[in-house]
Each structure stands twice: as C-alpha cells, then as structure tokens.
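Down below is the structure, laid out as structure tokens.
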Amino acid sequence: GTGRKFELENVNTTCSFCSLGCTLTVRKKDDKIVFVTSPADSPNEGNLCVKGRYGWPYVYSQDRLEKPMIRKDGALKEVEWDEALGFVAENLKRIKSNSGGNSLAALGSERLTNEEAYVFNRFARTVLETPHIDHAAGFGYRPLVDGLGKSLGYPASTNPIRDIRNANVILLLGSDLTETHPIAKNEVILASGRHRAQLVVVDSIRTKLTDRPGLHLPVAPGSEYLIANAMLKSIVDNELFDKAAVDMKAEGLGELIASLAEYTPEKVSKTTGVSVDLIREAAKAYAEAPTATIILTAGLNRPGNNVEAATAAVNLALITGRIGKPACGVYVFGEKANAQGAIDMGLTPDLLPGFASVTDESASAKLEALWKASIPKEPGFGANEIFSKASLGEIKGIYIAGENPIDTYPDRVMVEEALKKVDFLVVQDMFLSNTARMAHVVLPAASFAEKTGTYTSAERLVQPIHPVVDSTIGKTDLEILTAVSALMGKPMDYAGPAEVMAEISQAVAAYGGISYERLAGGGLPWPCVDPDDPGKGILYEGGFPGGKAKFMPAAPVRELNVNQLPMYLIPGVVKFHSGSFSTWSPSLLEVCPEAQAEMSWKDIRALGINEGDKVKISDASGASIQAVAKLSRRALDGVVIVPLHFPTVKLNMLTRWDDAAVKVKVEKA
Ligand code: SF4
C-alpha cells in the first residue's frame with residue numbers, strides 16, 4: 001500500500017487566465033484534475049491567484065460543447081465533424097468566389113496559443129485570402145504596447161515582472177492590479193512593504209493599492225494620460241532630468257517639450273480636479289527616485305486614450321533614464337493569457353507575425369515563401385470596422401476562433417446587428433457563447449488542458465502548455481484550422497504544434513532561438529534570436545534597435561465627454577475578468593454570483609435607495625442595464641462600478657468603440 005499521495009500525477013503547464021503566465025502544477029488522479037498548485041522554482045515563485053488555483057473546473061463544465069452544430073431550419077443541430085467541416089469549407093469557398101476574399105473577416109483570440117494564432121493568421125491571409133483579421137487584444141492591449149513599440153522598438157513590456165519588487169517608486173496608471181493581475185499586485189505590495197516604495201496611483205477608484213502609503217490621484221476614467229503628461233511637464237519645467245544624457249539616447253525632445261504646452265499642472269488640475277501640488281509631488285517622486293517603474297493594464301474594454309497614456313508613460317521613463325535598467329521600465333499587462341503572443345503572431349489587420357507592416361515588401365516576401373502563397377499587401381479592417389462593414393453587408397462571412405464579441409466587445413447592439421446580417425458565421429469555441437448561438441456552424445474547441453502549445457506572457461516569456469488530461473473534448477483550434485484549409489484546397493502540412501513553432505522561429509526574428517526542446521527546460525524571454533541565446537529579461541540594456549529611442553509628442557487634449565449625465569461608469573472586475581470563460585467555472589461563480597453596481601455611500605443616499613435595491617443604469621442614447629446596488633468604498637463619489645462580461649448584466653450595452661469614458665444616469669429600477 002502506497003499512500004494516496006503517490007497515486008497523483010503531476011503535470012506542469014501555464015495558467016490560461018491572465019497574461020502573467022504563472023506556472024501551474026496540475027495534480028491529477030485517473031486522468032482527472034484533483035487540484036492545482038505551483039512549483040516554488042517557477043517565475044511566480046509558487047504563488048497563484050484565485051483564478052489560477054481554483055478556476056480550472058471550466059475544463060469539466062457540463063456546458064462544454066462536444067459535437068459540432070449546423071444551423072438547419074433556424075436551429076442549431078448536432079452533426080458529425082465531417083459534415084460540419086465540409087459545410088464550413090463549402091460556404092467559405094462560395095462567398096470567396098462570389099464576392100472575393102475581401103468580403104470575409106477573421107477574428108482570433110488572445111486565448112489561442114502562439115501556434116494557433118500563427119496558423120489562424122496564415123488561414124486568414126492565404127486560405128480566406130482576406131486582410132481583415134483582428135482580435136480583442138487588438139483594440140484593448142495593442143494601442144498600449146504600440147505606444148512602447150513606436151518609441152523604443154518592441155511593442156511589449158520592458159522588464160521582468162519580478163523586477164517590480166525592487167522599484168523605489170511605482171506609478172500605476174488606471175491599473176487595479178488587485179483585481180486584474182493579482183500576482184503583479186503582490187510585487188507592488190512587496191516593494192511597498194520591504195523598502196517602503198512609494199506608490200503613485202492614478203485611478204478612478206479606491207483600491208487595495210491606494211490604501212498603501214503613497215499618493216492617490218483620483219481622476220475620471222480616460223484622464224490618466226492628462227496626469228502623466230502634466231507630470232512630464234512638471235519634470236521638464238523643473239529640470240528634473242539630465243538633458244545631455246537624454247539627448248544621447250533619444251531624439252525628439254524638442255518636439256515633446258513643445259507638445260506639452262497645454263499640459264501645465266495648473267490646466268490639468270482644472271480639468272481633473274487633482275491638486276497642482278499633488279501632480280508636482282508625483283512628478284518629483286517619480287523623477288528623483290533611484291529606480292522607478294510604470295504599470296498600465298489593458299482589458300477594461302476602454303480603448304479610448306490608451307495610446308495617449310502609453311505614450312506619456314514611455315516619455316516619462318525615457319526622459320528620466322528609466323529604460324534598459326533593472327527595477328525600472330514600463331509594463332503593460334494584457335487581459336488574457338496570450339495577449340502578447342497574439343500581437344507577436346500578427347493577429348492584426350496591419351502587422352504580420354514579427355511586427356512588420358503588411359506594406360513591408362521584404363517581410364511579406366519572406367512570409368509568402370514560408371506559406372507558399374501570396375498575401376494581401378494592404379492593411380485590412382480592425383474589429384470595429386469589420387462589424388460596421390458587416391452591418392452594411394460588405395463583410396459577408398466571419399470566422400471567429402475563441403472569441404465572444406457579443407459579450408466582450410464594445411457596443412453590443414452594433415455587434416449583434418452585424419452578426420445577424422452576415423451570410424455565414426463560423427464560431428469555434430469551448431462553449432455555446434452568445435456569439436456561438438448566432439452562428440451557422442459551431443465547432444467545439446479543446447481547452448488549454450487538452451493541448452500542446454505556447455503562450456507568451458506579459459514579460460515576453462514564451463512558455464509551454466501541455467495536455468494535462470488525455471481525453472480531448474472537441475478538436476484543437478490547430479486541428480480545425482488545418483482541416484478546413486485542406487478542404488478548401490490549401491493544405492498546410494504541419495505534423496503538430498512543434499512544427500508550427502519551428503516555422504514561427506523562422507518567421508519571427510524575436511522567436512528565432514525558441515524551440516520545444518529548449519522550452520522543456522522552462523520559458524524563454526524574447527527576443528531570443530538563436531539557439532544559444534538565453535533571451536532578454538530587460539530590453540534595451542545595450543541600446544535601442546533603431547539606434548536611438550524616439551520621444552513621441554503628446555497628442556492634444558481630448559474632449560472627454562459629450563453628455564452631461566451625472567456618473568462615470570467604470571467597467572470593473574470581480575476577482576476574475578474574462579467572464580467569457582471564468583463564468584463557466586462554478587467555483588468562481590460561487591465567489592460572486594450576482595452582478596453588483598458599486599457606489600459610494602453618498603451616491604446611494606442621494607439616489608434614495610438602499611443597498612440590495614435593483615438599479616437601472618442608462619446612457620445618453622437611452623440604452624440601459626440593471627444591477628444590484630452595493631455600498632462600496634472602492635467607488636469614489638460620482639462613480640459606479642459594474643463588472644464586465646457578467647452573464648446577467650450586459651455592460652457593453654453602454655460602451656462604445658471610441659469612448660474614453662462612459663457617463664450614465666443611475667436610478668432605482
Ligand atoms: Fe493565472 Fe494571472 Fe492568476 Fe497568475 S495572476 S494565477 S497567470 S490568472
């Protein structure tokens with residue numbers, strides 16, 4: 001007799017929830033996951049948040065799709081794989097030959113592995129022959145990392161996550177890490193607790209981090225960039241930087257300084273309500289600390305002003321010499337597991353795998369040689385345009401892999417109408433999401449626990465995921481895509497994900513030295529250019545790819561709101577953010593079963609309601625949602641926090657593509 005312990009089998013893999021890429025040890029018995037831990041020698045040092053530790057039961061959900069479905073006489077009916085795949089290929093071919101590849105669009109996901117994202121890209125560009133390809137990180141995360149890429153060279157965070165704990169000042173721009181990225185929050189708490197790092201938190205809500213010693217600059221959502229630019233202006237005016245040193249490393253300082261004219265602390269104080277002294281104090285703290293870091297997060301469905309915030313962050317780091325050094329730099333944390341990898345693999349309308357523009361002739365020639373097909377040379381439509389063109393009937397077919405736009409994209413009504421209008425909608429997913437319900441064909445996809453591949457974390461760490469259960473429900477996205485390609489007369493000959501990675505290492509210079517053999521020893525940070533390259537934890541230590549970095553001028557101040565409604569709506573997060581699959585985990589729903597509208601005591605009183613009352617939240621167009629009022633100290637006066645992607649509340653009824661902030665009216669329902 002051996003003890004129970006010895007019957008457990010351990011498999012290491014990577015967390016499928018947020019972009020921090022924590023290592024999981026899945027402990028299983030009789031091919032069933034029993035519980036999940038994390039090895040102490042992992043990058044996350046054995047720590048996991050509630051999602052990583054307890055979120056796995058979605059893998060076994062009763063609601064997992066097992067058989068493909070085809071819409072027949074208005075209803076989805078289960079069919080065999082052959083019939084479903086044949087039907088997909090036939091319809092896509094029909095639309096392509098009648099209206100051209102340009103009438104098709106492809107939406108991938110930051111949940112796809114790198115290998116799947118890469119193959120999905122090839123599928124869209126060479127099989128569907130469309131340039132219209134995008135995914136949710138394309139409009140949430142991408143604008144933030146683009147801000148880094150344009151100035152520095154790579155659209156990605158500059159430093160390892162474990163570096164945060166050593167920073168003396170941590171500037172958080174609209175980032176409630178406690179809710180979105182708990183393991184990174186631990187780093188901030190470590191820095192704050194161990195060496196009294198000063199936290200400078202620019203946020204529209206009160207968080208666990210604003211409770212720590214430091215400065216809290218409360219601003220309206222979407223105004224974070226105003227504060228960051230006012231800090232820059234204050235640093236410039238008070239000469240809190242070394243001009244000669246900056247000139248050696250970066251160009252464009254003169255243009256930057258000129259562009260900051262309208263960002264004086266006085267003016268920004270007027271618009272934001274944050275005191276001039278507080279702005280100056282924040283600037284001084286950031287500029288004078290021995291080391292300082294900046295954190296931004298994506299995924300709050302609020303694309304507006306992200307570019308401006310990221311640009312300001314990079315300018316702050318550059319002007320104070322905080323790039324290419326330990327415990328410094330700028331971080332952007334994406335929402336889902338492979339937000340960074342999806343950008344690296346070019347799931348975008350304008351960039352190819354490896355960040356080259358589609359208009360870059362040598363980059364597309366290289367890819368055409370690998371793919372043995374020609375690819376579109378003009379940028380395609382992003383997600384927003386894909387839906388607006390579909391509403392007009394110009395996009396006739398949409399292929400969606402792993403995404404649920406109806407619940408997770410801005411402007412629900414617009415997305416829904418567009419999807420109603422298309423001739424042919426294919427959705428491959430683990431669950432019958434609201435988007436899948438509208439599809440003509442639904443293809444059941446395997447979960448992360450059932451496949452091999454890699455995710456690239458927010459610190460550019462390319463890490464393996466392994467099948468942790470033998471049984472596979474559905475097919476992997478890779479299997480589905482290669483099967484449809486073959487049926488459409490364009491076979492792709494990949495024997496499996498390892499071969500796809502071998503091709504990625506040829507197509508993407510930063511992945512040049514990455515292979516499955518090497519990943520068996522653990523993750524590798526890109527750029528990792530050849531088989532002996534250990535990769536770079538800190539970017540730009542030896543300089544910038546373009547020689548010098550570039551300051552990007554600050555954009556003119558944007559008008560924040562068009563309506564006069566009294567409250568700001570903040571898309572909040574309750575312990576887990578991508579409800580698109582975390583709400584399929586019963587254990588997570590137990591933590592928080594009902595969507596709440598968090599408000600301050602003052603606002604609840606002013607509305608003449610009690611905690612627990614149903615409230616109606618409406619926007620200027622008259623669209624509304626309902627939730628249960630909850631007294632919360634997170635909510636500042638004038639702010640209502642409602643969770644994103646919650647099954648019982650459709651928050652994206654009230655969000656629009658270009659909004660920096662949403663203003664609403666709250667009343668008793
Ligand atoms: Fe998973 Fe992110 Fe939580 Fe780590 S912090 S366990 S990667 S959800």
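Simple scheme: letters A, B, ... for chains in structure tokens order, numbers from 1 for residues in each chain, numbers from 1 for ligands in the order shown.
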Do a neighbour search on A:Arg634 at 12 Å with only C-alpha atoms, toss out local chain neighbours closer than 2 positions, and write the hits as a PDB file with N, CA and C atoms, in the first residue's frame.
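That gives us selection_8.pdb:
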```pdb
ATOM      1  N   ASP A 176      -5.880  48.567 -11.613  1.00  0.00           N
ATOM      2  CA  ASP A 176      -6.269  47.946 -10.353  1.00  0.00           C
ATOM      3  C   ASP A 176      -5.785  46.500 -10.352  1.00  0.00           C
ATOM      4  N   THR A 178      -5.007  44.466  -8.158  1.00  0.00           N
ATOM      5  CA  THR A 178      -5.590  43.532  -7.197  1.00  0.00           C
ATOM      6  C   THR A 178      -6.646  42.675  -7.867  1.00  0.00           C
ATOM      7  N   GLU A 179      -7.424  43.293  -8.728  1.00  0.00           N
ATOM      8  CA  GLU A 179      -8.489  42.565  -9.396  1.00  0.00           C
ATOM      9  C   GLU A 179      -8.021  41.919 -10.692  1.00  0.00           C
ATOM     10  N   ASP A 203      -5.913  56.703 -10.561  1.00  0.00           N
ATOM     11  CA  ASP A 203      -7.010  55.761 -10.778  1.00  0.00           C
ATOM     12  C   ASP A 203      -8.339  56.406 -10.408  1.00  0.00           C
ATOM     13  N   SER A 204      -9.392  55.933 -11.048  1.00  0.00           N
ATOM     14  CA  SER A 204     -10.718  56.486 -10.764  1.00  0.00           C
ATOM     15  C   SER A 204     -11.402  55.779  -9.617  1.00  0.00           C
ATOM     16  N   ILE A 205     -10.774  54.765  -9.077  1.00  0.00           N
ATOM     17  CA  ILE A 205     -11.381  54.080  -7.939  1.00  0.00           C
ATOM     18  C   ILE A 205     -10.361  53.928  -6.812  1.00  0.00           C
ATOM     19  N   ARG A 206     -10.901  53.607  -5.626  1.00  0.00           N
ATOM     20  CA  ARG A 206     -10.049  53.322  -4.486  1.00  0.00           C
ATOM     21  C   ARG A 206      -9.738  51.835  -4.554  1.00  0.00           C
ATOM     22  N   THR A 207      -8.484  51.464  -4.391  1.00  0.00           N
ATOM     23  CA  THR A 207      -8.133  50.045  -4.491  1.00  0.00           C
ATOM     24  C   THR A 207      -7.282  49.662  -3.288  1.00  0.00           C
ATOM     25  N   LYS A 208      -6.920  48.398  -3.201  1.00  0.00           N
ATOM     26  CA  LYS A 208      -6.013  47.964  -2.129  1.00  0.00           C
ATOM     27  C   LYS A 208      -4.685  48.713  -2.247  1.00  0.00           C
ATOM     28  N   LEU A 209      -4.358  49.132  -3.463  1.00  0.00           N
ATOM     29  CA  LEU A 209      -3.082  49.816  -3.639  1.00  0.00           C
ATOM     30  C   LEU A 209      -3.160  51.283  -3.234  1.00  0.00           C
ATOM     31  N   THR A 210      -4.333  51.894  -3.400  1.00  0.00           N
ATOM     32  CA  THR A 210      -4.433  53.297  -2.950  1.00  0.00           C
ATOM     33  C   THR A 210      -4.450  53.359  -1.423  1.00  0.00           C
ATOM     34  N   ASP A 211      -4.700  52.228  -0.777  1.00  0.00           N
ATOM     35  CA  ASP A 211      -4.669  52.187   0.689  1.00  0.00           C
ATOM     36  C   ASP A 211      -3.241  52.166   1.247  1.00  0.00           C
ATOM     37  N   PRO A 218      -6.931  60.782  -7.863  1.00  0.00           N
ATOM     38  CA  PRO A 218      -8.194  60.281  -8.409  1.00  0.00           C
ATOM     39  C   PRO A 218      -8.601  61.102  -9.637  1.00  0.00           C
ATOM     40  N   ILE A 570     -17.645  52.688 -14.519  1.00  0.00           N
ATOM     41  CA  ILE A 570     -16.335  52.033 -14.592  1.00  0.00           C
ATOM     42  C   ILE A 570     -16.560  50.545 -14.802  1.00  0.00           C
ATOM     43  N   GLY A 572     -15.784  47.267 -14.117  1.00  0.00           N
ATOM     44  CA  GLY A 572     -14.962  46.718 -13.047  1.00  0.00           C
ATOM     45  C   GLY A 572     -14.719  45.247 -13.243  1.00  0.00           C
ATOM     46  N   VAL A 573     -14.015  44.704 -12.300  1.00  0.00           N
ATOM     47  CA  VAL A 573     -13.613  43.313 -12.395  1.00  0.00           C
ATOM     48  C   VAL A 573     -13.868  42.709 -11.031  1.00  0.00           C
ATOM     49  N   VAL A 574     -14.507  41.584 -10.993  1.00  0.00           N
ATOM     50  CA  VAL A 574     -14.735  40.958  -9.701  1.00  0.00           C
ATOM     51  C   VAL A 574     -13.952  39.666  -9.643  1.00  0.00           C
ATOM     52  N   ALA A 597     -23.705  46.844  -8.698  1.00  0.00           N
ATOM     53  CA  ALA A 597     -23.307  48.187  -9.087  1.00  0.00           C
ATOM     54  C   ALA A 597     -22.754  48.848  -7.830  1.00  0.00           C
ATOM     55  N   GLU A 598     -21.432  48.963  -7.774  1.00  0.00           N
ATOM     56  CA  GLU A 598     -20.813  49.514  -6.574  1.00  0.00           C
ATOM     57  C   GLU A 598     -20.841  51.036  -6.608  1.00  0.00           C
ATOM     58  N   MET A 599     -21.307  51.621  -5.491  1.00  0.00           N
ATOM     59  CA  MET A 599     -21.367  53.081  -5.397  1.00  0.00           C
ATOM     60  C   MET A 599     -20.965  53.539  -4.005  1.00  0.00           C
ATOM     61  N   SER A 600     -20.651  54.817  -3.903  1.00  0.00           N
ATOM     62  CA  SER A 600     -20.291  55.371  -2.593  1.00  0.00           C
ATOM     63  C   SER A 600     -21.551  55.539  -1.749  1.00  0.00           C
ATOM     64  N   TRP A 601     -21.332  55.681  -0.455  1.00  0.00           N
ATOM     65  CA  TRP A 601     -22.424  55.880   0.490  1.00  0.00           C
ATOM     66  C   TRP A 601     -23.206  57.130   0.118  1.00  0.00           C
ATOM     67  N   LYS A 630     -24.663  48.215  -4.506  1.00  0.00           N
ATOM     68  CA  LYS A 630     -23.818  47.754  -3.413  1.00  0.00           C
ATOM     69  C   LYS A 630     -22.988  48.925  -2.902  1.00  0.00           C
ATOM     70  N   LEU A 631     -23.023  49.102  -1.590  1.00  0.00           N
ATOM     71  CA  LEU A 631     -22.212  50.134  -0.967  1.00  0.00           C
ATOM     72  C   LEU A 631     -20.763  49.684  -1.052  1.00  0.00           C
ATOM     73  N   SER A 632     -19.898  50.554  -1.543  1.00  0.00           N
ATOM     74  CA  SER A 632     -18.525  50.115  -1.727  1.00  0.00           C
ATOM     75  C   SER A 632     -17.572  51.265  -1.494  1.00  0.00           C
ATOM     76  N   LEU A 636     -15.478  56.027  -5.739  1.00  0.00           N
ATOM     77  CA  LEU A 636     -15.421  57.424  -5.322  1.00  0.00           C
ATOM     78  C   LEU A 636     -16.796  58.020  -5.624  1.00  0.00           C
ATOM     79  N   ASP A 637     -17.105  59.181  -5.024  1.00  0.00           N
ATOM     80  CA  ASP A 637     -18.380  59.827  -5.333  1.00  0.00           C
ATOM     81  C   ASP A 637     -18.459  60.096  -6.835  1.00  0.00           C
ATOM     82  N   GLY A 638     -19.629  59.831  -7.413  1.00  0.00           N
ATOM     83  CA  GLY A 638     -19.813  60.114  -8.831  1.00  0.00           C
ATOM     84  C   GLY A 638     -19.366  58.992  -9.749  1.00  0.00           C
ATOM     85  N   VAL A 639     -19.075  57.824  -9.149  1.00  0.00           N
ATOM     86  CA  VAL A 639     -18.577  56.701  -9.944  1.00  0.00           C
ATOM     87  C   VAL A 639     -19.410  55.464  -9.634  1.00  0.00           C
ATOM     88  N   VAL A 640     -19.827  54.733 -10.657  1.00  0.00           N
ATOM     89  CA  VAL A 640     -20.494  53.458 -10.424  1.00  0.00           C
ATOM     90  C   VAL A 640     -19.667  52.367 -11.114  1.00  0.00           C
ATOM     91  N   ILE A 641     -19.355  51.325 -10.350  1.00  0.00           N
ATOM     92  CA  ILE A 641     -18.508  50.246 -10.877  1.00  0.00           C
ATOM     93  C   ILE A 641     -19.378  49.020 -11.147  1.00  0.00           C
ATOM     94  N   VAL A 642     -19.383  48.562 -12.375  1.00  0.00           N
ATOM     95  CA  VAL A 642     -20.178  47.385 -12.744  1.00  0.00           C
ATOM     96  C   VAL A 642     -19.254  46.390 -13.430  1.00  0.00           C
TER      97      VAL A 642
END
```
Q: Please extract the residues at most 7 Å from ligand 1, counting only C-alpha atoms and all ligand atoms, and provide them as a VMD selection string, using the chain letters and residue numbers of this document.
A: chain A and resid 15 to 22 48 to 53 181 to 184 337
Filtering to N, CA and C atoms, could you give me those residues as a short mmCIF file (atom, residue, chain, number, x, y, z; two decimals), in the first residue's frame?
```cif
data_model
loop_
_atom_site.label_atom_id
_atom_site.label_comp_id
_atom_site.auth_asym_id
_atom_site.auth_seq_id
_atom_site.Cartn_x
_atom_site.Cartn_y
_atom_site.Cartn_z
N CYS A 15 -0.82 28.91 -16.78
CA CYS A 15 -2.19 29.35 -16.47
C CYS A 15 -2.87 29.93 -17.73
N SER A 16 -4.15 29.63 -17.88
CA SER A 16 -4.87 30.06 -19.08
C SER A 16 -5.68 31.33 -18.86
N PHE A 17 -5.58 31.94 -17.69
CA PHE A 17 -6.40 33.13 -17.44
C PHE A 17 -5.67 34.42 -17.85
N CYS A 18 -4.97 35.07 -16.94
CA CYS A 18 -4.44 36.38 -17.32
C CYS A 18 -3.07 36.27 -17.98
N SER A 19 -2.49 37.42 -18.33
CA SER A 19 -1.28 37.44 -19.14
C SER A 19 0.01 37.32 -18.32
N LEU A 20 -0.10 37.05 -17.02
CA LEU A 20 1.13 36.98 -16.24
C LEU A 20 1.84 35.64 -16.38
N GLY A 21 1.15 34.64 -16.91
CA GLY A 21 1.83 33.40 -17.25
C GLY A 21 2.34 32.58 -16.08
N CYS A 22 1.61 32.53 -14.98
CA CYS A 22 2.05 31.72 -13.83
C CYS A 22 2.11 30.24 -14.21
N LEU A 48 -0.12 31.62 -6.73
CA LEU A 48 -1.18 31.67 -7.73
C LEU A 48 -2.31 32.52 -7.17
N CYS A 49 -3.09 33.12 -8.05
CA CYS A 49 -4.28 33.83 -7.57
C CYS A 49 -5.47 32.88 -7.63
N VAL A 50 -6.62 33.37 -7.22
CA VAL A 50 -7.81 32.51 -7.13
C VAL A 50 -8.19 31.92 -8.50
N LYS A 51 -7.96 32.69 -9.57
CA LYS A 51 -8.29 32.17 -10.90
C LYS A 51 -7.41 30.99 -11.27
N GLY A 52 -6.11 31.16 -11.07
CA GLY A 52 -5.17 30.10 -11.42
C GLY A 52 -5.39 28.86 -10.56
N ARG A 53 -5.62 29.08 -9.27
CA ARG A 53 -5.73 27.95 -8.37
C ARG A 53 -7.08 27.24 -8.46
N HIS A 181 -4.62 41.56 -12.10
CA HIS A 181 -3.36 40.80 -12.19
C HIS A 181 -2.77 40.63 -10.79
N PRO A 182 -3.40 39.75 -10.00
CA PRO A 182 -3.06 39.66 -8.57
C PRO A 182 -1.59 39.33 -8.28
N ILE A 183 -0.96 38.55 -9.11
CA ILE A 183 0.42 38.19 -8.81
C ILE A 183 1.35 39.39 -9.02
N ALA A 184 1.00 40.28 -9.91
CA ALA A 184 1.77 41.52 -10.07
C ALA A 184 1.48 42.47 -8.91
N ALA A 337 -4.46 35.25 -21.36
CA ALA A 337 -3.18 34.53 -21.32
C ALA A 337 -2.22 34.89 -22.44
#
```
**Q.** Separation of atom CA of A:Trp81 from atom CA of A:Ile473 in Å
**A.**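 Atom CA of A:Ile473 sits 12.5 Å away from atom CA of A:Trp81.
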Q) Excluding same-chain residues fewer than 2 positions from stretch 465-472 of chain A, what lies within 10 Å of it counting only C-alpha atoms, as a VMD selection string? A) chain A and resid 9 to 16 23 to 33 59 66 113 445 to 455 462 to 463 474 to 476
Contacts between stretch 488-501 of chain A and stretch 46-125 of chain A, please, where a residue of stretch 46-125 of chain A counts if it comes within 8 Å (with only C-alpha atoms); show its shortest atom pair and distance in Å to one decimal, rows by chain and ascending number, as a tab-separated table.
```
residue	atom	partner	partner_atom	distance
A:Ala89	CA	A:Met488	CA	5.5
A:Glu90	CA	A:Met488	CA	7.5
A:Lys93	CA	A:Met488	CA	6.7
A:Glu115	CA	A:Val500	CA	5.8
A:Tyr118	CA	A:Val500	CA	8.0
A:Val119	CA	A:Val500	CA	7.7
```
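Distance annotation: of A:Ser391, A:Ile294, A:Val557, A:Tyr568, the residue with the minimal separation from A:Glu262 is A:Val557; atom set is only C-alpha atoms.
Atom CA of A:Phe431 sits 9.8 Å away from atom CA of A:Asn404.
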